[in-house]
file input_17.cif (mmCIF, C-alpha atoms and all ligand atoms)
data_model
loop_
_atom_site.group_PDB
_atom_site.id
_atom_site.type_symbol
_atom_site.label_atom_id
_atom_site.label_comp_id
_atom_site.auth_asym_id
_atom_site.auth_seq_id
_atom_site.Cartn_x
_atom_site.Cartn_y
_atom_site.Cartn_z
ATOM 1 C CA MET M 1 0.000 0.000 0.000
ATOM 2 C CA ARG M 2 1.129 3.534 -0.683
ATOM 3 C CA PRO M 3 1.797 5.510 2.525
ATOM 4 C CA SER M 4 0.346 8.933 3.369
ATOM 5 C CA LEU M 5 1.492 11.659 5.728
ATOM 6 C CA ILE M 6 0.329 15.113 6.749
ATOM 7 C CA LEU M 7 1.868 17.465 9.340
ATOM 8 C CA HIS M 8 0.671 20.699 10.885
ATOM 9 C CA GLY M 9 2.588 23.478 12.577
ATOM 10 C CA GLY M 10 -0.391 25.135 14.220
ATOM 11 C CA ALA M 11 -3.390 27.302 13.354
ATOM 12 C CA GLY M 12 -3.776 30.953 14.316
ATOM 13 C CA SER M 13 -2.004 34.214 13.496
ATOM 14 C CA PRO M 14 1.617 33.233 12.936
ATOM 15 C CA ALA M 15 4.390 35.846 12.897
ATOM 16 C CA PRO M 16 5.134 36.482 9.175
ATOM 17 C CA GLU M 17 8.868 36.942 9.817
ATOM 18 C CA PHE M 18 9.134 33.251 10.749
ATOM 19 C CA SER M 19 7.347 31.931 7.672
ATOM 20 C CA ALA M 20 10.576 30.659 6.039
ATOM 21 C CA ASP M 21 11.609 28.943 9.301
ATOM 22 C CA ARG M 22 8.198 27.256 9.587
ATOM 23 C CA ARG M 23 8.431 26.083 5.986
ATOM 24 C CA HIS M 24 11.941 24.718 6.516
ATOM 25 C CA GLY M 25 10.992 22.985 9.787
ATOM 26 C CA LEU M 26 7.947 21.303 8.257
ATOM 27 C CA GLN M 27 9.926 20.236 5.192
ATOM 28 C CA ARG M 28 12.659 18.652 7.307
ATOM 29 C CA ALA M 29 10.205 16.785 9.538
ATOM 30 C CA PHE M 30 8.074 15.664 6.596
ATOM 31 C CA THR M 31 11.045 14.414 4.570
ATOM 32 C CA ALA M 32 12.402 12.366 7.487
ATOM 33 C CA ALA M 33 9.041 10.812 8.404
ATOM 34 C CA TRP M 34 8.159 10.166 4.750
ATOM 35 C CA SER M 35 11.390 8.301 4.219
ATOM 36 C CA MET M 36 10.571 6.057 7.213
ATOM 37 C CA LEU M 37 7.132 5.285 5.741
ATOM 38 C CA GLU M 38 8.556 4.602 2.271
ATOM 39 C CA GLN M 39 10.960 2.074 3.783
ATOM 40 C CA GLY M 40 8.061 0.210 5.403
ATOM 41 C CA GLY M 41 8.255 1.903 8.819
ATOM 42 C CA SER M 42 5.125 2.085 10.939
ATOM 43 C CA ALA M 43 2.722 5.027 11.013
ATOM 44 C CA LEU M 44 3.301 5.218 14.761
ATOM 45 C CA ASP M 45 7.090 5.561 14.441
ATOM 46 C CA ALA M 46 6.674 8.111 11.632
ATOM 47 C CA VAL M 47 4.365 10.432 13.605
ATOM 48 C CA VAL M 48 6.558 10.228 16.718
ATOM 49 C CA HIS M 49 9.673 11.036 14.685
ATOM 50 C CA ALA M 50 8.030 13.962 12.861
ATOM 51 C CA VAL M 51 6.758 15.450 16.115
ATOM 52 C CA MET M 52 10.158 14.958 17.818
ATOM 53 C CA LEU M 53 11.856 16.938 15.057
ATOM 54 C CA LEU M 54 9.249 19.710 15.369
ATOM 55 C CA GLU M 55 9.683 19.719 19.181
ATOM 56 C CA ASN M 56 13.396 20.353 18.631
ATOM 57 C CA ASP M 57 12.669 23.281 16.311
ATOM 58 C CA PRO M 58 12.331 26.589 18.226
ATOM 59 C CA THR M 59 10.066 27.946 15.469
ATOM 60 C CA PHE M 60 7.157 25.924 16.840
ATOM 61 C CA ASN M 61 5.238 25.967 20.110
ATOM 62 C CA ALA M 62 6.333 22.503 21.262
ATOM 63 C CA GLY M 63 9.391 21.263 23.154
ATOM 64 C CA ILE M 64 12.135 23.895 22.841
ATOM 65 C CA GLY M 65 10.465 27.213 21.975
ATOM 66 C CA SER M 66 7.206 26.456 23.804
ATOM 67 C CA CYS M 67 4.990 29.263 25.080
ATOM 68 C CA ILE M 68 5.662 30.421 28.640
ATOM 69 C CA ASN M 69 2.910 30.328 31.271
ATOM 70 C CA ARG M 70 1.837 33.087 33.686
ATOM 71 C CA ASP M 71 4.674 32.192 36.078
ATOM 72 C CA GLY M 72 7.393 32.269 33.411
ATOM 73 C CA ILE M 73 7.642 28.468 33.106
ATOM 74 C CA VAL M 74 7.132 26.106 30.162
ATOM 75 C CA GLU M 75 4.511 23.382 30.747
ATOM 76 C CA MET M 76 3.939 21.055 27.799
ATOM 77 C CA ASP M 77 1.205 18.661 26.657
ATOM 78 C CA ALA M 78 1.395 15.821 24.129
ATOM 79 C CA SER M 79 -0.468 12.709 23.065
ATOM 80 C CA LEU M 80 -0.419 9.958 20.486
ATOM 81 C CA MET M 81 -2.707 7.148 19.386
ATOM 82 C CA ASP M 82 -2.142 3.965 17.412
ATOM 83 C CA GLY M 83 -5.109 3.265 15.130
ATOM 84 C CA ALA M 84 -4.189 -0.421 14.816
ATOM 85 C CA THR M 85 -4.153 -1.344 18.509
ATOM 86 C CA PHE M 86 -6.265 1.510 19.923
ATOM 87 C CA HIS M 87 -3.445 2.119 22.395
ATOM 88 C CA ALA M 88 -2.773 5.703 23.417
ATOM 89 C CA GLY M 89 -0.434 7.743 25.611
ATOM 90 C CA ALA M 90 -0.673 11.314 26.865
ATOM 91 C CA VAL M 91 1.110 13.799 29.135
ATOM 92 C CA GLY M 92 0.003 17.121 30.573
ATOM 93 C CA ALA M 93 1.856 20.067 32.129
ATOM 94 C CA VAL M 94 5.328 18.487 32.004
ATOM 95 C CA ARG M 95 8.310 20.759 32.646
ATOM 96 C CA THR M 96 11.478 18.685 32.502
ATOM 97 C CA VAL M 97 11.362 16.667 29.279
ATOM 98 C CA GLN M 98 12.684 17.797 25.901
ATOM 99 C CA HIS M 99 10.399 15.453 23.986
ATOM 100 C CA PRO M 100 6.923 15.190 25.542
ATOM 101 C CA ILE M 101 5.871 12.961 22.631
ATOM 102 C CA LEU M 102 8.512 10.364 23.637
ATOM 103 C CA LEU M 103 7.138 10.404 27.153
ATOM 104 C CA ALA M 104 3.591 9.902 25.810
ATOM 105 C CA GLN M 105 4.864 6.990 23.699
ATOM 106 C CA SER M 106 6.630 5.453 26.669
ATOM 107 C CA ILE M 107 3.443 5.664 28.804
ATOM 108 C CA MET M 108 1.553 3.986 25.959
ATOM 109 C CA GLN M 109 4.153 1.227 25.686
ATOM 110 C CA ALA M 110 4.145 0.616 29.460
ATOM 111 C CA GLY M 111 0.466 -0.179 28.979
ATOM 112 C CA GLN M 112 -0.929 0.435 32.451
ATOM 113 C CA HIS M 113 -2.135 4.041 32.048
ATOM 114 C CA VAL M 114 -3.007 6.408 29.220
ATOM 115 C CA PHE M 115 -2.531 9.869 30.756
ATOM 116 C CA LEU M 116 0.023 11.181 33.283
ATOM 117 C CA VAL M 117 0.405 14.804 34.363
ATOM 118 C CA GLY M 118 2.781 17.073 36.256
ATOM 119 C CA SER M 119 5.190 15.645 38.814
ATOM 120 C CA GLY M 120 3.941 12.059 38.368
ATOM 121 C CA ALA M 121 4.720 12.232 34.660
ATOM 122 C CA GLU M 122 8.156 13.657 35.458
ATOM 123 C CA GLU M 123 8.824 10.790 37.859
ATOM 124 C CA PHE M 124 7.965 8.408 34.984
ATOM 125 C CA VAL M 125 10.594 10.240 32.893
ATOM 126 C CA ARG M 126 13.263 9.512 35.481
ATOM 127 C CA THR M 127 12.352 5.854 35.930
ATOM 128 C CA HIS M 128 12.025 5.054 32.207
ATOM 129 C CA GLY M 129 15.257 6.559 30.909
ATOM 130 C CA ILE M 130 13.669 9.359 28.877
ATOM 131 C CA PRO M 131 16.073 12.294 28.380
ATOM 132 C CA GLU M 132 15.427 15.154 30.819
ATOM 133 C CA ILE M 133 16.088 18.820 30.224
ATOM 134 C CA ALA M 134 16.535 21.768 32.589
ATOM 135 C CA PRO M 135 13.304 23.836 32.403
ATOM 136 C CA GLU M 136 15.217 27.013 31.446
ATOM 137 C CA GLN M 137 16.670 25.264 28.370
ATOM 138 C CA LEU M 138 13.144 25.054 26.903
ATOM 139 C CA ILE M 139 12.789 28.846 26.944
ATOM 140 C CA THR M 140 13.979 30.675 23.838
ATOM 141 C CA GLU M 141 14.906 34.360 23.796
ATOM 142 C CA ARG M 142 11.963 35.031 21.463
ATOM 143 C CA GLN M 143 9.442 33.481 23.850
ATOM 144 C CA HIS M 144 10.996 35.246 26.830
ATOM 145 C CA ARG M 145 10.731 38.579 25.000
ATOM 146 C CA ARG M 146 7.058 37.905 24.242
ATOM 147 C CA TRP M 147 6.400 36.993 27.853
ATOM 148 C CA ARG M 148 8.188 40.091 29.210
ATOM 149 C CA SER M 149 6.162 42.340 26.921
ATOM 150 C CA ALA M 150 2.925 40.268 27.200
ATOM 151 C CA GLN M 151 2.893 40.219 23.407
ATOM 152 C CA THR M 152 0.036 37.948 22.350
ATOM 153 C CA HIS M 153 0.210 38.264 18.580
ATOM 154 C CA GLY M 154 2.473 36.156 16.364
ATOM 155 C CA GLU M 155 1.605 33.003 18.276
ATOM 156 C CA PRO M 156 3.842 30.105 17.174
ATOM 157 C CA GLY M 157 2.134 26.811 16.476
ATOM 158 C CA THR M 158 1.303 23.549 18.142
ATOM 159 C CA VAL M 159 2.621 20.636 16.053
ATOM 160 C CA GLY M 160 0.928 17.467 14.856
ATOM 161 C CA ALA M 161 1.358 14.514 12.515
ATOM 162 C CA VAL M 162 -0.946 11.889 11.005
ATOM 163 C CA ALA M 163 0.374 8.920 9.013
ATOM 164 C CA PHE M 164 -0.867 5.877 7.084
ATOM 165 C CA ASP M 165 1.743 3.158 6.597
ATOM 166 C CA THR M 166 2.316 0.516 3.936
ATOM 167 C CA ALA M 167 0.489 -2.048 6.102
ATOM 168 C CA GLY M 168 -2.601 0.197 6.103
ATOM 169 C CA HIS M 169 -2.299 1.299 9.741
ATOM 170 C CA LEU M 170 -2.969 4.821 11.005
ATOM 171 C CA ALA M 171 -1.467 6.884 13.828
ATOM 172 C CA ALA M 172 -1.720 10.467 15.067
ATOM 173 C CA ALA M 173 0.438 12.569 17.405
ATOM 174 C CA THR M 174 0.230 16.134 18.763
ATOM 175 C CA SER M 175 2.534 18.248 20.965
ATOM 176 C CA THR M 176 2.360 21.795 22.339
ATOM 177 C CA GLY M 177 3.508 24.340 24.878
ATOM 178 C CA GLY M 178 -0.148 25.416 25.091
ATOM 179 C CA LEU M 179 -1.420 28.969 25.366
ATOM 180 C CA PHE M 180 0.748 32.015 25.951
ATOM 181 C CA ASN M 181 0.537 33.271 29.579
ATOM 182 C CA LYS M 182 -1.747 30.375 30.561
ATOM 183 C CA HIS M 183 -2.608 29.543 34.164
ATOM 184 C CA PRO M 184 -0.051 27.145 35.705
ATOM 185 C CA GLY M 185 -1.431 23.615 35.532
ATOM 186 C CA ARG M 186 -3.629 24.366 32.532
ATOM 187 C CA VAL M 187 -3.821 21.351 30.203
ATOM 188 C CA GLY M 188 -5.134 21.753 26.647
ATOM 189 C CA ASP M 189 -6.527 19.537 23.931
ATOM 190 C CA SER M 190 -3.127 18.310 22.719
ATOM 191 C CA ALA M 191 -2.956 16.073 25.786
ATOM 192 C CA VAL M 192 -6.518 14.786 25.465
ATOM 193 C CA ILE M 193 -7.276 11.703 23.388
ATOM 194 C CA GLY M 194 -10.395 12.395 21.323
ATOM 195 C CA ALA M 195 -9.891 16.167 21.493
ATOM 196 C CA GLY M 196 -6.411 16.912 20.068
ATOM 197 C CA THR M 197 -5.518 13.414 18.851
ATOM 198 C CA TYR M 198 -7.442 10.347 17.682
ATOM 199 C CA ALA M 199 -6.734 7.306 15.490
ATOM 200 C CA ASP M 200 -8.840 4.318 14.497
ATOM 201 C CA ASP M 201 -7.763 2.074 11.597
ATOM 202 C CA ALA M 202 -11.449 1.453 10.803
ATOM 203 C CA LEU M 203 -12.173 5.121 10.050
ATOM 204 C CA GLY M 204 -9.254 7.545 10.142
ATOM 205 C CA ALA M 205 -6.843 9.585 12.238
ATOM 206 C CA VAL M 206 -6.717 13.270 13.210
ATOM 207 C CA SER M 207 -4.468 15.816 14.925
ATOM 208 C CA ALA M 208 -6.069 19.138 15.902
ATOM 209 C CA THR M 209 -4.705 22.605 16.639
ATOM 210 C CA GLY M 210 -6.265 25.819 17.900
ATOM 211 C CA VAL M 211 -7.966 26.966 21.089
ATOM 212 C CA GLY M 212 -7.668 23.971 23.389
ATOM 213 C CA GLU M 213 -10.623 24.673 25.661
ATOM 214 C CA ALA M 214 -13.008 24.795 22.673
ATOM 215 C CA ILE M 215 -11.396 21.718 21.071
ATOM 216 C CA ILE M 216 -11.838 19.733 24.296
ATOM 217 C CA ARG M 217 -15.500 20.753 24.603
ATOM 218 C CA THR M 218 -16.229 19.570 21.059
ATOM 219 C CA THR M 219 -13.912 16.514 21.175
ATOM 220 C CA LEU M 220 -12.827 17.763 17.774
ATOM 221 C CA ALA M 221 -10.474 14.931 16.693
ATOM 222 C CA ARG M 222 -13.024 12.203 17.445
ATOM 223 C CA THR M 223 -15.849 14.273 15.942
ATOM 224 C CA THR M 224 -13.855 14.606 12.713
ATOM 225 C CA VAL M 225 -13.088 10.870 12.602
ATOM 226 C CA GLU M 226 -16.773 10.019 13.131
ATOM 227 C CA LEU M 227 -17.685 12.262 10.190
ATOM 228 C CA LEU M 228 -15.583 9.994 7.916
ATOM 229 C CA ARG M 229 -18.163 7.192 8.268
ATOM 230 C CA GLY M 230 -19.579 5.959 4.967
ATOM 231 C CA GLY M 231 -16.457 6.905 3.013
ATOM 232 C CA VAL M 232 -16.851 10.687 3.288
ATOM 233 C CA ASP M 233 -13.899 12.547 1.746
ATOM 234 C CA PRO M 234 -11.428 13.645 4.495
ATOM 235 C CA THR M 235 -11.417 17.315 3.475
ATOM 236 C CA GLN M 236 -15.209 17.332 3.506
ATOM 237 C CA ALA M 237 -15.273 15.672 6.952
ATOM 238 C CA ALA M 238 -12.695 18.181 8.221
ATOM 239 C CA ARG M 239 -14.758 21.125 6.925
ATOM 240 C CA GLN M 240 -17.944 19.724 8.415
ATOM 241 C CA ALA M 241 -16.226 19.222 11.792
ATOM 242 C CA LEU M 242 -14.961 22.825 11.711
ATOM 243 C CA THR M 243 -18.472 24.068 10.896
ATOM 244 C CA ILE M 244 -19.869 22.253 13.946
ATOM 245 C CA PHE M 245 -16.918 23.519 16.008
ATOM 246 C CA ARG M 246 -17.479 27.138 14.985
ATOM 247 C CA GLN M 247 -21.236 26.964 15.533
ATOM 248 C CA ARG M 248 -20.804 25.530 19.021
ATOM 249 C CA THR M 249 -17.804 27.525 20.250
ATOM 250 C CA ALA M 250 -17.276 30.578 17.979
ATOM 251 C CA SER M 251 -13.595 29.713 18.327
ATOM 252 C CA GLU M 252 -10.640 28.904 16.043
ATOM 253 C CA ALA M 253 -9.109 25.529 15.190
ATOM 254 C CA GLY M 254 -7.772 23.338 12.437
ATOM 255 C CA VAL M 255 -7.522 19.586 11.807
ATOM 256 C CA ILE M 256 -5.362 17.337 9.646
ATOM 257 C CA VAL M 257 -6.905 14.009 8.641
ATOM 258 C CA ILE M 258 -6.084 10.712 6.910
ATOM 259 C CA ASP M 259 -8.887 8.217 6.337
ATOM 260 C CA ALA M 260 -8.785 4.402 6.330
ATOM 261 C CA LEU M 261 -7.953 4.419 2.596
ATOM 262 C CA GLY M 262 -4.964 6.728 3.100
ATOM 263 C CA ARG M 263 -6.677 9.816 1.663
ATOM 264 C CA VAL M 264 -5.410 13.098 3.133
ATOM 265 C CA GLY M 265 -7.430 16.201 4.065
ATOM 266 C CA TYR M 266 -7.362 19.248 6.304
ATOM 267 C CA ALA M 267 -9.400 22.338 7.158
ATOM 268 C CA HIS M 268 -9.248 25.306 9.527
ATOM 269 C CA ASN M 269 -11.241 28.387 10.403
ATOM 270 C CA ALA M 270 -8.270 30.422 11.696
ATOM 271 C CA SER M 271 -6.460 33.148 9.760
ATOM 272 C CA ALA M 272 -3.795 30.560 8.817
ATOM 273 C CA MET M 273 -2.646 26.998 9.413
ATOM 274 C CA SER M 274 0.784 25.596 8.544
ATOM 275 C CA VAL M 275 0.607 22.198 6.836
ATOM 276 C CA ALA M 276 2.851 19.825 4.882
ATOM 277 C CA TYR M 277 1.553 16.931 2.765
ATOM 278 C CA ARG M 278 2.066 15.292 -0.631
ATOM 279 C CA ARG M 279 -0.048 15.957 -3.700
ATOM 280 C CA GLY M 280 0.904 13.222 -6.169
ATOM 281 C CA ASP M 281 4.697 13.128 -5.984
ATOM 282 C CA ALA M 282 5.094 16.771 -4.938
ATOM 283 C CA LEU M 283 5.562 17.984 -1.366
ATOM 284 C CA VAL M 284 3.165 20.843 -0.628
ATOM 285 C CA ILE M 285 3.967 23.188 2.271
ATOM 286 C CA GLU M 286 1.675 25.988 3.335
ATOM 287 C CA ALA M 287 3.413 28.031 5.993
ATOM 288 C CA ASP M 288 2.697 31.722 5.359
HETATM 289 N N1 LIG K 301 -4.232 23.576 20.983
HETATM 290 C C1 LIG K 301 -3.215 23.828 21.902
HETATM 291 C C2 LIG K 301 -3.697 24.274 23.209
HETATM 292 O O1 LIG K 301 -4.729 24.951 23.315
HETATM 293 O O2 LIG K 301 -3.069 23.990 24.187
#
call {"tool": "encode", "arguments": {"input": "input_17.cif", "output": "structure tokens", "more": "lines below"}}
Ligand code: GLY
result
Amino acid sequence: MRPSLILHGGAGSPAPEFSADRRHGLQRAFTAAWSMLEQGGSALDAVVHAVMLLENDPTFNAGIGSCINRDGIVEMDASLMDGATFHAGAVGAVRTVQHPILLAQSIMQAGQHVFLVGSGAEEFVRTHGIPEIAPEQLITERQHRRWRSAQTHGEPGTVGAVAFDTAGHLAAATSTGGLFNKHPGRVGDSAVIGAGTYADDALGAVSATGVGEAIIRTTLARTTVELLRGGVDPTQAARQALTIFRQRTASEAGVIVIDALGRVGYAHNASAMSVAYRRGDALVIEAD
């Protein structure tokens, strides 16, 4: 089977001066994850790898470069789901891990729990050999400048990946630093299975981005997947989900989707959403 892959780098009002950096970051992550899929790698490994690369890239609001909360600290959320096994892992409000998506994967692999938060999640980091990072190393000069000046525009993006592998399996992953100046302890949709992330081989897989509180209330990822029933085109399902979302919340979001046949789609109702996907043999990146 031919693989499929789509990445997002967040929806909202991105700073135009970082458009080239966003484009470059998405291209690098897409190329690496695509090559894994082409060589027969699993959808799960591909989405984790893509999100790890985006977490390392200070252009995006995930891992290094994450938004800073009200107290001047980075607290990150991430989740992933395997559409083949229905296994999932998620972390909320973690402060000491460079790759929250690796921690989410490790929780999933351990099998006992789905969702760990705060200090308990950080204890899991220490006991499962996941690389730690000093909290101050997650803070970039750009984010610190924004925080000092309470500058809310030019929000960098949450990151997400959805993949369909050569065996026909789906996976989705999402990672974020959350909202700028958020309340300490706030956890958004990117940590919540069904809201920011969902995958089911029988229907499709989704990663969402946007205003987390509204995405949680509408369980946007699961809602989008449900709208794929009956073979609905993924872009159509994504648009329909965003229509419901807007009607119910008057808020902004975007979703990337792959259905059970490997067809790719996306939609958003924000001023912009960064995405990378393939159309035929060409890589398409929208990052302005
Ligand atoms: N969608 C990212 C967040 O609200 O945390």
call {"tool": "resolve_selection", "arguments": {"input": "input_17.cif", "expression": "the PyMOL selection byres (((not hetatm)) within 8 of (chain K and resi 301))", "output": "PyMOL selection string"}}
result
chain M and resi 10+77+158+176-179+187-190+196+208-213+215+253
call {"tool": "resolve_selection", "arguments": {"input": "input_17.cif", "expression": "the PyMOL selection byres (((chain M and resi 27) around 12) and not hetatm)", "output": "MDAnalysis selection string"}}
result
chainID M and resid 6:9 20:26 28:34 50 53:54 57 274:278 282:287
call {"tool": "residues_near_point", "arguments": {"input": "input_17.cif", "point": "(11.7, 29.8, 31.6)", "cutoff": "12 Å", "atoms": "only C-alpha atoms", "output": "JSON, numbers by chain"}}
result
{"M": [64, 65, 66, 67, 68, 69, 70, 71, 72, 73, 74, 75, 95, 96, 133, 134, 135, 136, 137, 138, 139, 140, 141, 142, 143, 144, 145, 146, 147, 148, 177, 181]}
call {"tool": "atom_distance", "arguments": {"input": "input_17.cif", "atom1": "atom CA of Ile101 of chain M", "atom2": "atom CA of Val47 of chain M"}}
result
9.5 Å
call {"tool": "residues_around", "arguments": {"input": "input_17.cif", "residues": "Thr127 of chain M", "least_positions_apart": "5", "cutoff": "12 Å", "atoms": "only C-alpha atoms", "output": "ChimeraX atom specification"}}
result
/M:103,106-107,110,120-122,132
call {"tool": "resolve_selection", "arguments": {"input": "input_17.cif", "expression": "the PyMOL selection byres (((chain M and resi 159-171) around 6) and not hetatm)", "output": "ChimeraX atom specification"}}
result
/M:1-10,37,40,42-44,47,81-84,158,172-175,199,201,207,262
call {"tool": "atom_distance", "arguments": {"input": "input_17.cif", "atom1": "atom CA of Ser271 of chain M", "atom2": "atom CA of Gly12 of chain M"}}
result
5.7 Å
call {"tool": "atom_distance", "arguments": {"input": "input_17.cif", "atom1": "atom CA of Gly265 of chain M", "atom2": "atom CA of Ala62 of chain M"}}
result
22.9 Å
call {"tool": "closest_residue", "arguments": {"input": "input_17.cif", "among": "M:Ile193, M:Leu102, M:Met108, M:Val91", "to": "Gly129 of chain M", "atoms": "only C-alpha atoms"}}
result
M:Leu102
call {"tool": "closest_atom_pairs", "arguments": {"input": "input_17.cif", "of": "segment 173-217 of chain M", "to": "segment 227-236 of chain M", "cutoff": "10 Å", "atoms": "only C-alpha atoms", "output": "Markdown table"}}
result
| residue | atom | partner | partner_atom | distance |
| --- | --- | --- | --- | --- |
| M:Ala202 | CA | M:Arg229 | CA | 9.2 |
| M:Leu203 | CA | M:Leu228 | CA | 6.3 |
| M:Gly204 | CA | M:Leu228 | CA | 7.1 |
| M:Ala205 | CA | M:Leu228 | CA | 9.8 |
| M:Val206 | CA | M:Pro234 | CA | 9.9 |
call {"tool": "closest_residue", "arguments": {"input": "input_17.cif", "among": "M:Ala15, M:Gln112, M:Asp288, M:Ala104", "to": "Val192 of chain M", "atoms": "only C-alpha atoms"}}
result
M:Ala104
call {"tool": "residues_around", "arguments": {"input": "input_17.cif", "residues": "segment 244-249 of chain M", "least_positions_apart": "2", "cutoff": "7 Å", "atoms": "all atoms listed in the file", "output": "number ranges by chain"}}
result
M: 214, 218, 240-242, 251
call {"tool": "closest_residue", "arguments": {"input": "input_17.cif", "among": "M:Val125, M:Gly92, M:Asp45, M:Asn61", "to": "Phe180 of chain M", "atoms": "only C-alpha atoms"}}
result
M:Asn61
call {"tool": "closest_residue", "arguments": {"input": "input_17.cif", "among": "M:Ala267, M:Asp200, M:Ala195, M:Ala90", "to": "Thr219 of chain M", "atoms": "all atoms listed in the file"}}
result
M:Ala195
call {"tool": "closest_residue", "arguments": {"input": "input_17.cif", "among": "M:Ser79, M:Ala237, M:Lys182, M:Phe115", "to": "Ile258 of chain M", "atoms": "all atoms listed in the file"}}
result
M:Ala237
call {"tool": "closest_residue", "arguments": {"input": "input_17.cif", "among": "M:Leu80, M:Leu116, M:Met52, M:Ala11", "to": "His99 of chain M", "atoms": "all atoms listed in the file"}}
result
M:Met52
call {"tool": "axis_aligned_box", "arguments": {"input": "input_17.cif", "around": "segment 61-70 of chain M", "padding_each_side": "5 Å", "output": "JSON"}}
result
{"center_x": 7.0, "center_y": 27.2, "center_z": 26.9, "size_x": 20.3, "size_y": 21.8, "size_z": 23.6}
